[in-house]
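Q: entry25.csv is the file, holding CSV, C-alpha atoms and all ligand atoms:
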```csv
chain,number,residue,atom,x,y,z
A,9,MET,CA,-6.2,-5.1,-17.2
A,10,VAL,CA,-9.2,-3.7,-15.3
A,11,ALA,CA,-11.7,-1.8,-17.4
A,12,GLN,CA,-12.2,1.9,-16.4
A,13,ALA,CA,-15.4,2.3,-14.5
A,14,THR,CA,-17.2,5.6,-14.7
A,15,GLU,CA,-16.7,6.1,-11.0
A,16,PRO,CA,-13.6,4.8,-9.3
A,17,LEU,CA,-14.1,2.8,-6.1
A,18,LEU,CA,-11.6,5.1,-4.4
A,19,ARG,CA,-10.4,8.5,-5.3
A,20,VAL,CA,-7.6,9.8,-3.2
A,21,TRP,CA,-7.0,13.5,-3.7
A,22,GLY,CA,-4.4,15.7,-1.9
A,23,LEU,CA,-4.2,13.3,1.1
A,24,CYS,CA,-1.6,14.3,3.7
A,25,LYS,CA,-0.4,12.9,7.0
A,26,HIS,CA,1.9,15.2,8.8
A,27,PHE,CA,3.3,14.6,12.2
A,28,PRO,CA,4.4,17.6,14.3
A,29,ILE,CA,7.8,17.6,15.9
A,30,HIS,CA,7.8,19.2,19.3
A,31,SER,CA,10.7,20.6,21.4
A,32,ASN,CA,11.7,18.8,24.6
A,33,GLY,CA,11.1,21.8,27.0
A,34,PHE,CA,8.2,22.4,29.2
A,35,PHE,CA,6.2,24.2,26.6
A,36,LYS,CA,6.8,21.6,23.9
A,37,LYS,CA,6.7,24.1,21.1
A,38,GLN,CA,6.2,22.7,17.6
A,39,ILE,CA,9.6,23.0,15.8
A,40,GLY,CA,9.0,21.1,12.6
A,41,VAL,CA,6.8,18.6,10.8
A,42,VAL,CA,7.4,15.2,9.4
A,43,LYS,CA,5.5,14.9,6.1
A,44,ALA,CA,5.1,11.2,6.2
A,45,ALA,CA,2.5,11.3,3.3
A,46,ASP,CA,2.1,14.4,1.3
A,47,ASP,CA,-0.4,15.4,-1.4
A,48,ILE,CA,-1.2,11.8,-2.4
A,49,CYS,CA,-3.4,11.5,-5.5
A,50,PHE,CA,-4.7,8.4,-7.3
A,51,ASP,CA,-7.8,6.5,-8.4
A,52,LEU,CA,-8.6,2.8,-7.7
A,53,GLN,CA,-11.1,1.0,-9.9
A,54,PRO,CA,-13.3,-1.8,-8.6
A,55,GLY,CA,-11.4,-5.1,-9.0
A,56,GLU,CA,-8.1,-3.3,-9.7
A,57,THR,CA,-4.7,-3.8,-7.9
A,58,LEU,CA,-2.6,-0.7,-7.4
A,59,GLY,CA,0.9,-1.3,-6.1
A,60,LEU,CA,2.5,1.2,-3.8
A,61,VAL,CA,6.2,0.7,-3.8
A,62,GLY,CA,9.3,2.5,-2.4
A,63,GLU,CA,12.0,2.1,0.2
A,64,SER,CA,11.3,1.9,4.0
A,65,GLY,CA,10.2,5.3,5.2
A,66,SER,CA,8.8,6.4,1.9
A,67,GLY,CA,5.2,6.7,3.3
A,68,LYS,CA,3.5,3.7,1.8
A,69,THR,CA,2.1,2.3,5.1
A,70,THR,CA,1.1,5.8,6.3
A,71,THR,CA,-0.8,6.3,3.1
A,72,GLY,CA,-2.7,3.0,3.4
A,73,ARG,CA,-3.5,3.6,7.1
A,74,ALA,CA,-4.6,7.2,6.5
A,75,ILE,CA,-7.0,6.0,3.8
A,76,LEU,CA,-8.5,3.5,6.1
A,77,ARG,CA,-8.6,6.0,8.9
A,78,ALA,CA,-6.4,3.8,11.1
A,79,ILE,CA,-4.6,7.1,11.6
A,80,GLU,CA,-6.3,10.5,11.1
A,81,PRO,CA,-5.2,12.2,7.8
A,82,THR,CA,-4.0,15.8,8.2
A,83,ARG,CA,-6.0,16.9,5.2
A,84,GLY,CA,-7.2,15.8,1.7
A,85,GLU,CA,-9.9,13.5,0.5
A,86,ALA,CA,-10.4,9.8,0.2
A,87,LEU,CA,-13.7,9.4,-1.7
A,88,PHE,CA,-15.1,5.9,-1.5
A,89,THR,CA,-18.0,5.0,-3.8
A,90,LEU,CA,-20.1,1.9,-3.0
A,91,ASP,CA,-23.6,1.0,-4.1
A,92,GLY,CA,-23.9,4.4,-5.9
A,93,LYS,CA,-23.1,6.4,-2.7
A,94,THR,CA,-19.9,8.4,-2.3
A,95,VAL,CA,-18.4,9.3,1.1
A,96,ASP,CA,-15.2,11.0,2.1
A,97,LEU,CA,-13.4,8.5,4.4
A,98,ALA,CA,-11.0,11.3,5.5
A,99,THR,CA,-13.6,13.3,7.2
A,100,LEU,CA,-16.5,10.9,7.8
A,101,PRO,CA,-17.7,11.0,11.5
A,102,ALA,CA,-16.8,7.9,13.4
A,103,ASP,CA,-20.3,6.6,13.8
A,104,GLU,CA,-20.8,6.7,10.0
A,105,LEU,CA,-17.4,5.2,9.3
A,106,ARG,CA,-18.0,2.1,11.6
A,107,PRO,CA,-20.5,0.3,9.3
A,108,LEU,CA,-18.2,1.0,6.3
A,109,ARG,CA,-15.3,-0.8,8.0
A,110,THR,CA,-16.8,-4.1,6.9
A,111,ARG,CA,-16.1,-3.1,3.3
A,112,MET,CA,-12.5,-2.0,3.8
A,113,GLN,CA,-10.0,-4.3,5.4
A,114,MET,CA,-6.2,-4.6,5.9
A,115,ILE,CA,-3.9,-7.6,5.6
A,116,PHE,CA,-0.8,-7.1,7.7
A,117,GLN,CA,2.9,-7.9,7.0
A,118,ASP,CA,3.8,-10.1,9.9
A,119,PRO,CA,1.6,-13.2,10.2
A,120,PHE,CA,3.4,-14.1,13.4
A,121,SER,CA,2.5,-10.9,15.4
A,122,SER,CA,-0.8,-10.0,13.8
A,123,LEU,CA,-2.6,-13.0,15.1
A,124,ASN,CA,-3.6,-13.2,18.8
A,125,PRO,CA,-1.8,-16.3,20.1
A,126,ARG,CA,-4.4,-16.9,22.8
A,127,MET,CA,-7.3,-17.1,20.3
A,128,THR,CA,-8.2,-20.1,18.2
A,129,VAL,CA,-8.2,-19.8,14.4
A,130,GLY,CA,-12.0,-20.0,14.5
A,131,ASP,CA,-12.3,-17.1,16.9
A,132,ILE,CA,-9.7,-15.0,15.0
A,133,VAL,CA,-11.4,-15.5,11.6
A,134,GLY,CA,-14.9,-15.1,13.1
A,135,GLU,CA,-14.2,-12.1,15.3
A,136,PRO,CA,-15.2,-9.4,12.7
A,137,LEU,CA,-18.6,-11.1,12.3
A,138,VAL,CA,-19.0,-11.1,16.1
A,139,ILE,CA,-17.9,-7.5,16.5
A,140,HIS,CA,-20.4,-6.3,13.8
A,141,ARG,CA,-23.1,-8.7,15.1
A,142,LEU,CA,-23.5,-10.3,11.7
A,143,ALA,CA,-23.4,-14.0,12.7
A,144,LYS,CA,-23.4,-16.2,15.8
A,145,GLY,CA,-23.8,-19.9,16.8
A,146,GLN,CA,-23.8,-22.4,13.9
A,147,GLU,CA,-24.0,-19.8,11.2
A,148,LEU,CA,-20.8,-18.2,12.5
A,149,LYS,CA,-19.0,-21.6,12.5
A,150,ASP,CA,-20.3,-22.4,9.0
A,151,ARG,CA,-19.2,-19.0,7.6
A,152,VAL,CA,-15.7,-19.4,9.2
A,153,ALA,CA,-15.4,-22.9,7.8
A,154,ALA,CA,-16.3,-21.7,4.3
A,155,MET,CA,-13.8,-18.9,4.5
A,156,LEU,CA,-11.1,-21.2,5.7
A,157,LYS,CA,-11.7,-23.5,2.8
A,158,LYS,CA,-11.6,-20.5,0.4
A,159,VAL,CA,-8.1,-19.6,1.6
A,160,GLY,CA,-6.8,-23.2,1.3
A,161,LEU,CA,-7.2,-24.2,5.0
A,162,LYS,CA,-9.4,-26.9,6.5
A,163,PRO,CA,-12.6,-26.4,8.6
A,164,GLU,CA,-11.0,-28.7,11.2
A,165,HIS,CA,-8.4,-26.1,11.8
A,166,GLN,CA,-10.9,-23.9,13.7
A,167,PRO,CA,-10.0,-25.1,17.3
A,168,ARG,CA,-6.2,-24.9,16.8
A,169,TYR,CA,-4.0,-21.9,17.8
A,170,PRO,CA,-1.8,-19.9,15.4
A,171,HIS,CA,1.5,-21.3,16.7
A,172,ALA,CA,0.5,-24.7,15.2
A,173,PHE,CA,0.7,-23.2,11.7
A,174,SER,CA,3.6,-22.3,9.3
A,175,GLY,CA,4.2,-18.7,8.2
A,176,GLY,CA,2.3,-19.2,4.9
A,177,GLN,CA,-0.7,-20.8,6.7
A,178,ARG,CA,-0.8,-18.0,9.3
A,179,GLN,CA,-0.9,-15.4,6.4
A,180,ARG,CA,-3.8,-17.4,5.0
A,181,ILE,CA,-5.5,-17.1,8.4
A,182,GLY,CA,-4.9,-13.3,8.3
A,183,ILE,CA,-6.4,-13.2,4.8
A,184,ALA,CA,-9.4,-15.2,5.9
A,185,ARG,CA,-10.0,-12.7,8.7
A,186,ALA,CA,-9.7,-9.8,6.4
A,187,LEU,CA,-12.1,-11.2,3.7
A,188,ILE,CA,-14.8,-12.8,5.8
A,189,MET,CA,-16.7,-9.5,5.8
A,190,HIS,CA,-16.7,-9.5,1.9
A,191,PRO,CA,-14.9,-6.2,1.6
A,192,ALA,CA,-14.7,-4.2,-1.6
A,193,PHE,CA,-11.3,-2.7,-0.8
A,194,VAL,CA,-8.3,-4.3,0.9
A,195,VAL,CA,-5.0,-2.7,1.9
A,196,ALA,CA,-2.4,-5.5,1.7
A,197,ASP,CA,0.6,-4.0,3.7
A,198,GLU,CA,3.7,-6.0,2.8
A,199,ALA,CA,1.5,-9.0,2.9
A,200,VAL,CA,4.1,-11.4,1.5
A,201,SER,CA,7.3,-9.7,2.6
A,202,ALA,CA,7.9,-11.9,5.7
A,203,LEU,CA,7.3,-15.2,3.8
A,204,ASP,CA,9.7,-17.5,1.9
A,205,VAL,CA,9.9,-17.0,-1.8
A,206,SER,CA,8.0,-20.2,-2.7
A,207,VAL,CA,5.3,-19.4,-0.1
A,208,GLN,CA,5.1,-15.8,-1.4
A,209,ALA,CA,4.1,-17.1,-4.8
A,210,GLN,CA,1.3,-19.3,-3.3
A,211,VAL,CA,-0.1,-16.4,-1.3
A,212,ILE,CA,0.0,-14.0,-4.3
A,213,ASN,CA,-1.8,-16.7,-6.4
A,214,LEU,CA,-4.4,-17.0,-3.6
A,215,LEU,CA,-4.9,-13.2,-3.4
A,216,GLN,CA,-5.4,-13.1,-7.2
A,217,ASP,CA,-7.9,-16.0,-7.1
A,218,LEU,CA,-9.8,-14.4,-4.3
A,219,GLN,CA,-9.8,-11.1,-6.2
A,220,GLY,CA,-11.4,-12.8,-9.3
A,221,GLU,CA,-13.9,-14.5,-7.1
A,222,MET,CA,-14.9,-11.6,-4.9
A,223,GLY,CA,-14.2,-8.6,-7.1
A,224,LEU,CA,-11.8,-7.1,-4.6
A,225,ALA,CA,-9.7,-4.0,-5.2
A,226,TYR,CA,-6.3,-4.1,-3.6
A,227,LEU,CA,-3.9,-1.4,-2.6
A,228,PHE,CA,-0.8,-3.6,-2.6
A,229,ILE,CA,2.0,-2.1,-0.5
A,230,ALA,CA,5.5,-3.6,-1.0
A,231,HIS,CA,9.1,-2.5,-1.2
A,232,ASP,CA,10.0,-5.2,-3.8
A,233,LEU,CA,9.2,-4.3,-7.4
A,234,SER,CA,9.6,-8.0,-8.5
A,235,VAL,CA,6.7,-8.9,-6.2
A,236,VAL,CA,4.3,-6.2,-7.4
A,237,LYS,CA,5.0,-7.0,-11.0
A,238,HIS,CA,3.0,-10.2,-10.8
A,239,ILE,CA,-0.1,-8.9,-9.1
A,240,CYS,CA,-0.6,-5.2,-9.9
A,241,ASP,CA,-2.4,-3.5,-12.8
A,242,ARG,CA,-0.7,-0.2,-12.1
A,243,ILE,CA,2.1,0.9,-9.8
A,244,ALA,CA,2.7,4.1,-7.9
A,245,VAL,CA,6.3,4.7,-6.8
A,246,MET,CA,6.7,6.7,-3.6
A,247,TYR,CA,9.7,8.6,-2.3
A,248,ALA,CA,9.9,10.7,0.9
A,249,GLY,CA,6.1,10.8,1.3
A,250,LYS,CA,5.2,11.6,-2.3
A,251,ILE,CA,4.2,9.7,-5.4
A,252,VAL,CA,6.9,10.3,-7.9
A,253,GLU,CA,5.6,8.1,-10.8
A,254,LEU,CA,2.3,6.2,-11.4
A,255,ALA,CA,1.9,4.1,-14.5
A,256,PRO,CA,0.4,0.8,-15.8
A,257,THR,CA,2.7,-2.1,-14.6
A,258,ALA,CA,3.9,-3.1,-18.1
A,259,GLN,CA,4.7,0.5,-19.1
A,260,LEU,CA,6.5,1.2,-15.8
A,261,PHE,CA,8.8,-1.9,-16.2
A,262,ALA,CA,9.3,-1.4,-20.0
A,263,GLU,CA,10.1,2.4,-19.8
A,264,PRO,CA,10.5,3.8,-16.3
A,265,LYS,CA,10.6,7.6,-16.5
A,266,HIS,CA,11.6,8.8,-13.0
A,267,PRO,CA,15.2,8.3,-12.1
A,268,TYR,CA,14.1,6.8,-8.7
A,269,THR,CA,11.9,4.2,-10.5
A,270,ARG,CA,14.9,3.4,-12.8
A,271,ALA,CA,17.2,3.0,-9.8
A,272,LEU,CA,14.7,0.7,-8.0
A,273,LEU,CA,14.3,-1.4,-11.1
A,274,ALA,CA,18.0,-1.7,-11.5
A,275,SER,CA,18.3,-3.0,-8.0
A,276,VAL,CA,15.8,-5.9,-8.5
A,277,PRO,CA,17.9,-9.1,-8.3
A,278,ASN,CA,18.4,-10.9,-11.7
A,279,PRO,CA,18.5,-14.8,-11.5
A,280,ASP,CA,20.9,-14.9,-14.5
A,281,PRO,CA,24.5,-15.1,-13.0
A,282,ASP,CA,25.9,-13.5,-16.2
A,283,VAL,CA,23.8,-10.4,-15.8
A,284,ARG,CA,25.8,-7.8,-13.9
A,285,MET,CA,23.7,-6.0,-11.3
A,286,ASN,CA,23.6,-2.2,-11.4
A,287,TYR,CA,23.0,-0.9,-7.9
A,288,SER,CA,22.6,2.7,-8.9
A,289,LEU,CA,20.7,3.8,-5.8
A,290,GLN,CA,23.3,5.3,-3.4
A,291,GLY,CA,22.8,7.1,-0.1
A,292,GLU,CA,20.0,7.2,2.5
A,293,VAL,CA,16.4,7.8,1.8
A,294,ALA,CA,15.5,11.4,2.5
A,295,ASP,CA,14.3,12.3,6.1
A,296,PRO,CA,10.6,13.4,5.7
A,297,GLY,CA,11.2,15.6,8.8
A,298,ASN,CA,14.1,17.4,7.2
A,299,LEU,CA,13.6,17.3,3.4
A,300,PRO,CA,16.2,18.8,1.1
A,301,PRO,CA,15.1,21.9,-0.9
A,302,GLY,CA,13.7,21.3,-4.4
A,303,CYS,CA,13.3,17.7,-5.5
A,304,ALA,CA,13.7,15.5,-2.4
A,305,PHE,CA,15.5,12.9,-4.5
A,306,HIS,CA,18.1,15.3,-5.8
A,307,PRO,CA,21.0,14.4,-3.4
A,308,ARG,CA,20.8,10.8,-4.7
A,309,CYS,CA,19.9,11.5,-8.3
A,310,ALA,CA,22.6,11.0,-11.0
A,311,GLU,CA,20.6,13.2,-13.4
A,312,CYS,CA,20.2,16.2,-11.0
A,313,PHE,CA,20.5,19.6,-12.7
A,314,ALA,CA,20.2,23.1,-11.3
A,315,PRO,CA,16.4,23.5,-11.0
A,316,CYS,CA,16.2,20.2,-9.1
A,317,LYS,CA,17.9,21.9,-6.1
A,318,GLU,CA,15.4,24.8,-6.0
A,319,LYS,CA,12.0,23.8,-7.3
A,320,VAL,CA,9.8,20.8,-6.1
A,321,PRO,CA,8.8,19.0,-9.3
A,322,PRO,CA,5.0,18.8,-9.6
A,323,LEU,CA,3.3,15.5,-10.4
A,324,GLU,CA,2.4,15.9,-14.1
A,325,THR,CA,0.5,13.8,-16.6
A,326,LEU,CA,2.6,12.9,-19.7
A,327,ALA,CA,1.3,12.3,-23.2
A,328,ASP,CA,1.3,8.5,-22.7
A,329,GLY,CA,-1.0,8.9,-19.7
A,330,ARG,CA,1.4,8.2,-16.8
A,331,THR,CA,2.1,10.7,-14.1
A,332,VAL,CA,5.7,11.7,-13.1
A,333,ALA,CA,7.1,14.2,-10.7
A,334,CYS,CA,10.5,15.1,-12.3
A,335,HIS,CA,11.9,18.2,-13.9
A,336,LEU,CA,13.3,16.0,-16.7
A,337,HIS,CA,9.8,15.3,-17.9
A,338,GLY,CA,8.0,18.5,-16.9
A,339,GLY,CA,8.1,22.0,-18.4
A,340,THR,CA,11.6,22.8,-17.1
A,341,GLN,CA,14.3,22.4,-19.8
A,342,ARG,CA,17.2,20.3,-18.9
A,343,PRO,CA,20.6,22.0,-19.6
A,344,VAL,CA,23.0,20.4,-22.0
A,345,THR,CA,25.6,19.7,-19.2
A,346,PRO,CA,24.2,18.0,-16.0
A,347,ARG,CA,25.8,18.9,-12.7
B,401,LIG,FE1,16.5,13.8,-10.5
B,401,LIG,FE2,15.9,16.4,-10.9
B,401,LIG,FE3,14.1,14.5,-11.6
B,401,LIG,FE4,14.5,15.0,-9.0
B,401,LIG,S1,13.7,16.4,-10.5
B,401,LIG,S2,14.4,13.0,-10.0
B,401,LIG,S3,16.7,15.5,-9.0
B,401,LIG,S4,16.2,14.8,-12.5
```
Output the file's structure as structure tokens, nothing else.

A:
Amino acid sequence: MVAQATEPLLRVWGLCKHFPIHSNGFFKKQIGVVKAADDICFDLQPGETLGLVGESGSGKTTTGRAILRAIEPTRGEALFTLDGKTVDLATLPADELRPLRTRMQMIFQDPFSSLNPRMTVGDIVGEPLVIHRLAKGQELKDRVAAMLKKVGLKPEHQPRYPHAFSGGQRQRIGIARALIMHPAFVVADEAVSALDVSVQAQVINLLQDLQGEMGLAYLFIAHDLSVVKHICDRIAVMYAGKIVELAPTAQLFAEPKHPYTRALLASVPNPDPDVRMNYSLQGEVADPGNLPPGCAFHPRCAECFAPCKEKVPPLETLADGRTVACHLHGGTQRPVTPR
């Protein structure tokens, strides 16, 4: 468990990324909006790992990319505090953002397509240092060699090309490239999803070791709750572009409050063949361009009652400290008979 610092490393507040939908005609009028990430709020402490989970299309990757300004947020704040100085990543001018990019990095999902097949491992890992003019010549080679060792590869691997490595080794190369600038904050976007289960465990252990060594804070994006359980201090569950529950990992697994969290947990495969799986999550994930009225989860929710179809549940903090967006846990009284 990470101790609460006085100032979080990252404070995300009301962050939105909306994509306009235009008509096909000559005038291309705006006819709607896709709320890919909507009113996202959370804190991230130095050295902490926050998991961001949900089905495909829930807005996890959009949130991570909007924080890093890989895409422009529509509105909201992403306050990043480093060396006693706080800046808003969401609105910082490009020339002031560029030097900060060394302290915020991203590890991508697919180790096969995220590495340039025409570059050697040495060039791939050393590229950020070259771009930011932080090292050259022998110093560059030495720093790349040291980073490769840190991620469990060999300095002799520098002249080889990515195709000569396995999936797990390629992900190690991607991690080395992300960490060579000694970032404070890393977005790991489905970083282990494309790997075999045994390799997943190795890469997760590596990420944890590097976190302890380098004091990194991770935003760990994944669709699989069983993966985030082992690495995250807290977990935020997203549905249709919004966070619907945020709680410490142990609390979320022991007593999930939101029906969507409960359904996701019920869908996690159990290795015991005698345990009957309960796939309670039916239907398609809501379309963020055409959300149902009220709670976006209501067409799939077994506990839906009248107010759910009319009122969007606000994200509220409960007595135990977690935050949940569900009328079952807010001020609205649940009727005796559900729908
Ligand atoms: Fe289900 Fe209603 Fe809660 Fe939405 S607000 S998750 S529909 S109980």

Q: Would you list the residues that come within 12 Å of ligand LIG 401 (chain B)? Count all atoms listed in the file and give the answer as JSON, numbers by chain.

A: {"A": [246, 247, 248, 250, 251, 252, 253, 264, 265, 266, 267, 268, 269, 270, 271, 289, 300, 301, 302, 303, 304, 305, 306, 307, 308, 309, 310, 311, 312, 313, 314, 315, 316, 317, 318, 319, 320, 321, 322, 323, 324, 332, 333, 334, 335, 336, 337, 338, 339, 340, 341, 342, 343, 346, 347]}

Q: What is the distance between CA of Leu215 (chain A) and CA of Ile79 (chain A), in Å to one decimal?

A: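 A separation of 25.2 Å between them.
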
Q: Would you list the contacts of region 194-203 of chain A as number ranges by chain, taking every protein, DNA or RNA residue within 9 Å and counting all atoms listed in the file, but skipping same-chain residues closer than 4 positions in sequence?

A: A: 68-69, 72-73, 76, 111-119, 175-176, 179, 186-187, 207-209, 211-212, 224-232, 235

Q: Could you tell me how far CA of Leu273 (chain A) sits from CA of Gln290 (chain A), in Å to one decimal place?

A: 13.6 Å

Q: Between A:Met222, A:Pro136, A:Ala192, A:Phe120, single out the one closest to Phe173 (chain A), counting all atoms listed in the file.

A: A:Phe120

Q: Would you work out the distance separating CA of Ser234 (chain A) from CA of Leu299 (chain A), expressed in Å to one decimal?

A: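 For CA of Ser234 (chain A) relative to CA of Leu299 (chain A), the distance reads 28.2 Å.
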
Q: Please determine the residues with any atom at most 10 Å from (-7.5, 6.4, -6.0) (coordinates as given in the file, with all atoms listed in the file counting) and report them as an mmCIF file with C-alpha atoms, in the frame of the given file.

A:
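The resulting file, part27.cif, is shown below:
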```
data_model
loop_
_atom_site.group_PDB
_atom_site.id
_atom_site.type_symbol
_atom_site.label_atom_id
_atom_site.label_comp_id
_atom_site.auth_asym_id
_atom_site.auth_seq_id
_atom_site.Cartn_x
_atom_site.Cartn_y
_atom_site.Cartn_z
ATOM 1 C CA PRO A 16 -13.600 4.800 -9.300
ATOM 2 C CA LEU A 17 -14.100 2.800 -6.100
ATOM 3 C CA LEU A 18 -11.600 5.100 -4.400
ATOM 4 C CA ARG A 19 -10.400 8.500 -5.300
ATOM 5 C CA VAL A 20 -7.600 9.800 -3.200
ATOM 6 C CA TRP A 21 -7.000 13.500 -3.700
ATOM 7 C CA ILE A 48 -1.200 11.800 -2.400
ATOM 8 C CA CYS A 49 -3.400 11.500 -5.500
ATOM 9 C CA PHE A 50 -4.700 8.400 -7.300
ATOM 10 C CA ASP A 51 -7.800 6.500 -8.400
ATOM 11 C CA LEU A 52 -8.600 2.800 -7.700
ATOM 12 C CA GLN A 53 -11.100 1.000 -9.900
ATOM 13 C CA LEU A 58 -2.600 -0.700 -7.400
ATOM 14 C CA ILE A 75 -7.000 6.000 3.800
ATOM 15 C CA GLU A 85 -9.900 13.500 0.500
ATOM 16 C CA ALA A 86 -10.400 9.800 0.200
ATOM 17 C CA LEU A 87 -13.700 9.400 -1.700
ATOM 18 C CA PHE A 88 -15.100 5.900 -1.500
ATOM 19 C CA LEU A 227 -3.900 -1.400 -2.600
#
```

Q: Under the rule that all atoms listed in the file are counted, which of A:Arg242, A:Arg185, A:Arg168, A:Arg109 is the nearest residue to Met155 (chain A)?

A: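 The answer is A:Arg185, which sits nearest to Met155 (chain A).
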
Q: Set out as CSV a contact list for region 67-106 of chain A and region 35-45 of chain A with a cut-off of 7 Å, giving each residue of region 67-106 of chain A that qualifies its closest atom pair and distance in Å to one decimal, counting all atoms listed in the file, ordered by chain and rising residue number.

A:
```
residue,atom,partner,partner_atom,distance
A:Gly67,CA,A:Ala45,CA,5.3
A:Thr70,CA,A:Ala45,CA,6.4
A:Thr71,CA,A:Ala45,CA,6.0
```

Q: Between A:Leu23, A:Ala98, A:Ala258, A:Leu142, which residue has the minimum interatomic distance to Gly84 (chain A), considering all atoms listed in the file?

A: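 Under the stated criterion, the closest residue is A:Leu23.
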
Q: Pick the closest to Asp150 (chain A) from A:Ile188, A:Ala172, A:Leu218, A:Leu326: which is it, counting all atoms listed in the file?

A: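 Ranked by minimum distance to Asp150 (chain A), first place goes to A:Ile188.
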
Q: Considering all atoms listed in the file, state which residue in the set A:Glu292, A:Leu233, A:Lys149, A:Asp91 is at the smallest distance from Val276 (chain A).

A: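 Closest to Val276 (chain A) of all the choices is A:Leu233.
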
Q: Given only C-alpha atoms as the basis, pick out the residue of A:Gln219, A:Thr82, A:Ser66, A:Ser121 nearest to Val159 (chain A).

A: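 With only C-alpha atoms as the atom set, the closest residue is A:Gln219.
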
Q: Counting all atoms listed in the file, I want the residues whose atoms come within 7 Å of (0.2, -5.4, -9.5) in the file frame, returned as a PyMOL selection string.

A: chain A and resi 57-59+236-243+257

Q: For the residues in that selection, give me C-alpha atoms as a short mmCIF file (atom, residue, chain, number, x, y, z; two decimals), keeping the file's coordinate frame.

A:
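The new file out_23.cif reads:
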```cif
data_model
loop_
_atom_site.label_atom_id
_atom_site.label_comp_id
_atom_site.auth_asym_id
_atom_site.auth_seq_id
_atom_site.Cartn_x
_atom_site.Cartn_y
_atom_site.Cartn_z
CA THR A 57 -4.70 -3.80 -7.90
CA LEU A 58 -2.60 -0.70 -7.40
CA GLY A 59 0.90 -1.30 -6.10
CA VAL A 236 4.30 -6.20 -7.40
CA LYS A 237 5.00 -7.00 -11.00
CA HIS A 238 3.00 -10.20 -10.80
CA ILE A 239 -0.10 -8.90 -9.10
CA CYS A 240 -0.60 -5.20 -9.90
CA ASP A 241 -2.40 -3.50 -12.80
CA ARG A 242 -0.70 -0.20 -12.10
CA ILE A 243 2.10 0.90 -9.80
CA THR A 257 2.70 -2.10 -14.60
#
```
